[in-house]
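Text of coords-v9.txt, listed as compact mmCIF, C-alpha atoms:
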```txt
# COMPACT_ATOMS: atom_id res chain seq x y z
CA MET R 78 -14.49 16.15 27.86
CA LEU R 79 -17.90 14.82 26.92
CA THR R 80 -19.87 16.93 24.48
CA LEU R 81 -23.62 17.52 24.66
CA LEU R 82 -24.03 14.99 21.86
CA SER R 83 -22.05 12.45 23.89
CA PHE R 84 -24.34 12.96 26.87
CA ILE R 85 -27.40 12.56 24.66
CA THR R 86 -25.96 9.37 23.17
CA LEU R 87 -25.15 7.98 26.60
CA ALA R 88 -28.58 8.90 27.91
CA PHE R 89 -30.15 7.01 25.00
CA PHE R 90 -27.83 4.05 25.55
CA PHE R 91 -28.48 3.62 29.26
CA THR R 92 -32.22 4.30 28.99
CA VAL R 93 -32.74 1.64 26.32
CA LEU R 94 -30.40 -0.81 28.02
CA ALA R 95 -32.34 -0.43 31.27
CA ASP R 96 -35.62 -1.29 29.52
CA ASN R 97 -34.37 -4.25 27.52
CA ALA R 98 -30.96 -5.94 27.63
CA LYS R 99 -29.41 -5.73 31.08
CA LEU R 100 -25.86 -6.38 32.22
CA ASN R 101 -25.48 -9.55 34.29
CA ALA R 102 -28.84 -10.82 33.04
CA PRO R 103 -29.70 -13.22 30.21
CA ALA R 104 -29.06 -11.63 26.82
CA PRO R 105 -32.32 -11.25 24.85
CA ASN R 106 -32.63 -13.86 22.15
CA PHE R 107 -33.18 -12.75 18.57
CA LYS R 108 -33.49 -14.10 15.05
CA LEU R 109 -32.12 -12.23 12.06
CA LYS R 110 -31.23 -13.10 8.49
CA ASP R 111 -27.62 -13.02 7.44
CA LYS R 112 -26.38 -11.34 4.27
CA ASP R 113 -27.24 -14.47 2.28
CA GLY R 114 -30.79 -14.81 3.62
CA ASN R 115 -30.14 -17.55 6.18
CA GLU R 116 -31.90 -17.19 9.54
CA ILE R 117 -29.54 -17.01 12.50
CA SER R 118 -30.63 -16.99 16.15
CA LEU R 119 -28.59 -16.09 19.19
CA SER R 120 -29.86 -19.20 20.99
CA GLN R 121 -28.10 -21.51 18.54
CA PHE R 122 -24.77 -20.46 20.09
CA LYS R 123 -25.66 -21.62 23.60
CA GLY R 124 -22.51 -22.62 25.48
CA LYS R 125 -20.27 -20.26 23.49
CA ILE R 126 -18.97 -16.77 24.13
CA VAL R 127 -20.60 -14.38 21.65
CA VAL R 128 -19.58 -10.88 20.56
CA LEU R 129 -22.16 -8.59 18.95
CA GLU R 130 -20.61 -5.78 16.92
CA TRP R 131 -22.86 -3.05 15.54
CA ILE R 132 -21.43 -2.08 12.18
CA ASN R 133 -21.73 0.51 9.42
CA PHE R 134 -18.87 0.32 6.95
CA ASP R 135 -19.44 3.95 5.88
CA CYS R 136 -18.98 5.33 9.41
CA PRO R 137 -15.57 7.03 9.91
CA TYR R 138 -15.21 5.43 13.36
CA VAL R 139 -15.81 1.97 11.90
CA LYS R 140 -13.33 2.79 9.14
CA LYS R 141 -10.78 3.68 11.82
CA HIS R 142 -10.92 0.18 13.27
CA TYR R 143 -11.13 -1.65 9.94
CA ASN R 144 -8.59 0.43 7.99
CA SER R 145 -6.10 -0.08 10.83
CA ASN R 146 -6.91 -3.83 10.86
CA ASN R 147 -7.68 -3.49 14.56
CA MET R 148 -11.15 -5.04 14.37
CA GLN R 149 -10.08 -7.87 12.10
CA LYS R 150 -7.20 -8.79 14.42
CA LEU R 151 -9.61 -9.02 17.33
CA GLN R 152 -12.07 -11.07 15.30
CA GLU R 153 -9.41 -13.46 14.08
CA GLU R 154 -7.72 -13.89 17.45
CA PHE R 155 -10.90 -14.77 19.29
CA THR R 156 -12.86 -16.69 16.67
CA GLN R 157 -9.83 -19.00 16.50
CA LYS R 158 -10.38 -19.57 20.22
CA GLY R 159 -14.03 -20.52 19.73
CA VAL R 160 -15.71 -17.15 20.25
CA VAL R 161 -18.63 -16.45 17.91
CA TRP R 162 -18.39 -12.95 16.44
CA ILE R 163 -21.55 -11.47 14.94
CA ALA R 164 -21.66 -8.16 13.08
CA ILE R 165 -25.12 -6.57 13.05
CA ASN R 166 -26.22 -3.77 10.75
CA SER R 167 -29.28 -1.80 11.92
CA SER R 168 -29.19 0.83 9.18
CA ALA R 169 -32.67 1.31 7.72
CA PRO R 170 -33.26 1.24 3.95
CA GLY R 171 -32.15 4.51 2.44
CA LYS R 172 -29.87 5.31 5.38
CA GLN R 173 -26.07 5.33 5.52
CA GLY R 174 -24.67 1.82 5.84
CA HIS R 175 -27.63 -0.04 4.35
CA PHE R 176 -26.18 -2.13 1.52
CA THR R 177 -27.19 -4.71 -1.02
CA THR R 178 -25.84 -8.24 -0.60
CA GLN R 179 -23.30 -7.54 -3.34
CA GLU R 180 -22.11 -4.37 -1.60
CA ILE R 181 -21.86 -6.16 1.74
CA ASN R 182 -19.74 -8.91 0.22
CA GLU R 183 -17.53 -6.34 -1.49
CA ARG R 184 -16.93 -4.50 1.81
CA ILE R 185 -16.26 -7.72 3.70
CA ASN R 186 -13.75 -8.82 1.06
CA LEU R 187 -12.15 -5.38 0.86
CA HIS R 188 -11.52 -5.27 4.60
CA LYS R 189 -10.83 -9.00 4.96
CA ALA R 190 -13.27 -9.04 7.87
CA LYS R 191 -13.02 -12.07 10.14
CA PHE R 192 -16.41 -12.09 11.89
CA ASN R 193 -18.49 -15.26 11.65
CA TYR R 194 -21.76 -13.64 10.59
CA TYR R 195 -23.10 -10.37 9.18
CA LEU R 196 -26.77 -9.98 10.15
CA ILE R 197 -29.37 -7.56 8.80
CA ASP R 198 -31.57 -5.67 11.30
CA GLU R 199 -33.12 -3.09 9.00
CA ASP R 200 -36.19 -2.51 11.18
CA GLY R 201 -33.86 -1.82 14.11
CA LYS R 202 -35.71 -4.06 16.55
CA VAL R 203 -32.64 -5.95 17.75
CA GLY R 204 -30.52 -2.82 17.89
CA ARG R 205 -33.07 -1.05 20.05
CA THR R 206 -33.48 -4.11 22.27
CA TYR R 207 -29.76 -4.03 23.01
CA GLY R 208 -29.53 -0.26 23.18
CA ALA R 209 -27.04 -0.09 20.31
CA ALA R 210 -26.40 3.64 19.99
CA THR R 211 -23.27 3.91 17.86
CA THR R 212 -21.17 2.15 15.29
CA PRO R 213 -19.12 0.50 16.50
CA HIS R 214 -20.91 -0.60 19.68
CA LEU R 215 -20.03 -3.95 21.18
CA PHE R 216 -21.68 -6.44 23.50
CA ILE R 217 -20.25 -9.65 24.97
CA ILE R 218 -22.35 -12.61 26.07
CA ASP R 219 -20.75 -15.35 28.16
CA LYS R 220 -21.15 -19.13 27.80
CA ASP R 221 -24.17 -19.06 30.11
CA GLY R 222 -25.94 -16.54 27.89
CA ILE R 223 -25.38 -13.64 30.28
CA LEU R 224 -24.62 -10.17 28.97
CA VAL R 225 -21.29 -9.28 30.60
CA TYR R 226 -20.07 -6.28 28.57
CA ALA R 227 -21.79 -3.41 26.77
CA GLY R 228 -20.04 -0.37 25.40
CA GLY R 229 -17.16 1.05 23.42
CA ILE R 230 -14.28 -0.89 21.95
CA ASP R 231 -11.62 1.22 23.67
CA ASP R 232 -10.85 4.45 25.52
CA LYS R 233 -9.82 6.58 22.51
CA PRO R 234 -13.06 8.09 21.10
CA SER R 235 -11.55 9.50 17.94
CA LYS R 236 -11.54 8.85 14.21
CA GLU R 237 -7.75 8.77 14.09
CA ILE R 238 -6.06 5.50 13.17
CA GLU R 239 -2.92 6.41 15.12
CA ASP R 240 -4.92 6.34 18.37
CA VAL R 241 -5.53 2.60 18.05
CA LYS R 242 -2.04 1.59 19.14
CA ASN R 243 -2.22 3.57 22.41
CA ALA R 244 -5.77 2.59 23.34
CA THR R 245 -6.93 0.32 26.13
CA ASN R 246 -9.02 -2.26 24.29
CA PHE R 247 -11.89 -3.29 26.54
CA ILE R 248 -13.04 -6.10 24.25
CA HIS R 249 -9.63 -7.77 24.19
CA LYS R 250 -9.41 -7.52 27.97
CA ALA R 251 -12.91 -8.86 28.61
CA LEU R 252 -12.59 -11.80 26.24
CA ASN R 253 -9.24 -12.85 27.68
CA GLU R 254 -10.75 -12.72 31.17
CA LEU R 255 -13.69 -14.90 30.15
CA LEU R 256 -11.48 -17.42 28.37
CA SER R 257 -9.29 -17.75 31.44
CA GLY R 258 -12.29 -18.36 33.69
CA GLN R 259 -12.36 -14.93 35.29
CA LYS R 260 -15.19 -12.44 35.61
CA VAL R 261 -15.16 -9.42 33.33
CA SER R 262 -13.58 -6.64 35.37
CA ILE R 263 -14.77 -3.72 33.21
CA GLN R 264 -18.34 -4.37 32.09
CA SER R 265 -19.38 -1.03 30.66
CA GLN R 266 -17.70 1.88 28.94
CA PRO R 267 -19.21 4.72 26.92
CA PRO R 268 -19.73 3.74 23.28
CA TYR R 269 -18.50 6.17 20.64
CA GLY R 270 -18.92 6.50 16.90
CA CYS R 271 -21.64 7.39 14.42
CA SER R 272 -25.24 7.15 15.56
CA VAL R 273 -26.96 3.96 14.44
CA LYS R 274 -29.05 4.87 11.38
CA TYR R 275 -32.39 3.59 12.62
CA ALA R 276 -35.63 4.00 10.70
CA ASP R 277 -37.44 7.22 11.63
```

Go ahead and express the file in the form of structure tokens.
Amino acid sequence: MLTLLSFITLAFFFTVLADNAKLNAPAPNFKLKDKDGNEISLSQFKGKIVVLEWINFDCPYVKKHYNSNNMQKLQEEFTQKGVVWIAINSSAPGKQGHFTTQEINERINLHKAKFNYYLIDEDGKVGRTYGAATTPHLFIIDKDGILVYAGGIDDKPSKEIEDVKNATNFIHKALNELLSGQKVSIQSQPPYGCSVKYAD
């Protein structure tokens, strides 16, 4: 059963998504610096499938998927198939999840993360453009630059690691469909997790 907080989160998600990024429309381009200060733009991956993963290593829901190795398995499986996987952190300075470069590298190494890039969005502009409401919150962009999935990673909105094995993973399903030349059959599911720690 959805709680009041869940409804508020969903209302925020769909309102922002309606005003900015839209399903089945071109994904908004952006430029952000990675953890090492290099500028990365979405447009440089034209012709590739791209996953955007909103991340906050201190969030219990993110910990669920990283401590179980669930997220890393997804990242590794699909980056080996040519998918570009981008983690984006929209935590503002002073908020949970905002780290120094050293701390970011330590967390990445600790979890053996397999994404291609970790981008910094501390002013929250990109997160708000995409309607990122929670961590984790995932978006998939197809080879034509069209946003084809926006939402939660799976159908088990809990912090419990044991729920991972019984969950329907919407990201795995959508990426396999795209790679086999099919349309994404489930394009949107409610995101769940910690609220993105945007600047006030």

(message) Residues within 9 Å of region 183-195 of chain R, please, as a ChimeraX atom specification. Count only C-alpha atoms; anything in the same chain fewer than 4 positions from it doesn't count.
(response) /R:110-112,117,132,134,143-144,146,148-153,156,161-166,178-179

Need to verify the contact set: Gln173 (chain R), 12 Å, all atoms listed in the file, exclusion of same-chain residues closer than 6 positions in sequence. Can you return it as a PDB file with C-alpha atoms, in the coordinates of the input?
```
ATOM      1  CA  ILE R 132     -21.430  -2.080  12.180  1.00  0.00           C
ATOM      2  CA  ASN R 133     -21.730   0.510   9.420  1.00  0.00           C
ATOM      3  CA  PHE R 134     -18.870   0.320   6.950  1.00  0.00           C
ATOM      4  CA  ASP R 135     -19.440   3.950   5.880  1.00  0.00           C
ATOM      5  CA  CYS R 136     -18.980   5.330   9.410  1.00  0.00           C
ATOM      6  CA  PRO R 137     -15.570   7.030   9.910  1.00  0.00           C
ATOM      7  CA  ASN R 166     -26.220  -3.770  10.750  1.00  0.00           C
ATOM      8  CA  SER R 167     -29.280  -1.800  11.920  1.00  0.00           C
ATOM      9  CA  GLU R 199     -33.120  -3.090   9.000  1.00  0.00           C
ATOM     10  CA  THR R 212     -21.170   2.150  15.290  1.00  0.00           C
ATOM     11  CA  CYS R 271     -21.640   7.390  14.420  1.00  0.00           C
ATOM     12  CA  SER R 272     -25.240   7.150  15.560  1.00  0.00           C
ATOM     13  CA  VAL R 273     -26.960   3.960  14.440  1.00  0.00           C
ATOM     14  CA  LYS R 274     -29.050   4.870  11.380  1.00  0.00           C
ATOM     15  CA  TYR R 275     -32.390   3.590  12.620  1.00  0.00           C
ATOM     16  CA  ALA R 276     -35.630   4.000  10.700  1.00  0.00           C
TER      17      ALA R 276
END
```

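Separating CA of Asn253 (chain R) from CA of Glu130 (chain R) is a distance of 17.2 Å.
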
Using only C-alpha atoms, I'd like a table of the residues in region 94-153 of chain R that come within 8 Å of region 206-211 of chain R; for each, show the closest atom pair and its distance in Å rounded to one decimal, ordered by chain and ascending number, as a tab-separated table.
```
residue	atom	partner	partner_atom	distance
R:Leu94	CA	R:Gly208	CA	4.9
R:Asn97	CA	R:Thr206	CA	5.3
R:Ala98	CA	R:Tyr207	CA	5.1
R:Pro105	CA	R:Thr206	CA	7.7
R:Trp131	CA	R:Ala209	CA	7.0
```

Restricting it to C-alpha atoms, dump the selection as a PDB file, keeping the file's coordinate frame.
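Result saved to out-v1.pdb:
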```
ATOM      1  CA  LEU R  94     -30.400  -0.810  28.020  1.00  0.00           C
ATOM      2  CA  ASN R  97     -34.370  -4.250  27.520  1.00  0.00           C
ATOM      3  CA  ALA R  98     -30.960  -5.940  27.630  1.00  0.00           C
ATOM      4  CA  PRO R 105     -32.320 -11.250  24.850  1.00  0.00           C
ATOM      5  CA  TRP R 131     -22.860  -3.050  15.540  1.00  0.00           C
TER       6      TRP R 131
END
```

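Taking CA of His214 (chain R) and CA of Gly270 (chain R) as the two end points, the separation is 7.9 Å.
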
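Using all atoms listed in the file, the protein and nucleic acid residues lying no more than 10 Å from Gln121 (chain R), apart from those fewer than 4 places from it along its own chain, are Asn106, Lys108, Ile117 and Lys125 of chain R.
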
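Picture a line from CA of Ala102 (chain R) to CA of Gly222 (chain R); it runs 8.2 Å.
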
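Proximity to region 231-233 of chain R at 6 Å, evaluated using only C-alpha atoms and with sequence-adjacent residues fewer than 2 positions away removed, yields Gly229, Ser235, Ala244, Thr245, Asn246 and Phe247 of chain R.
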
(request) List every protein, DNA or RNA residue with an atom no more than 12 Å from (-25.3, -14.8, 33.6) in the file's coordinates, counting all atoms listed in the file, and format the result as a PyMOL selection string. (result) chain R and resi 99-105+124+126+217-226+260-261

Coordinates of box centre and edge lengths for region 258-262 of chain R, 8 Å on every side, axis-aligned, as AutoDock Vina command-line options:
```
--center_x -13.7 --center_y -12.5 --center_z 34.5 --size_x 18.9 --size_y 27.7 --size_z 18.3
```

(request) Could you give me, as a PyMOL selection string, the residues within 12 Å of Asp277 (chain R), counting only C-alpha atoms and dropping anything in the same chain fewer than 3 positions from it? (result) chain R and resi 168-172+199-201+273-274
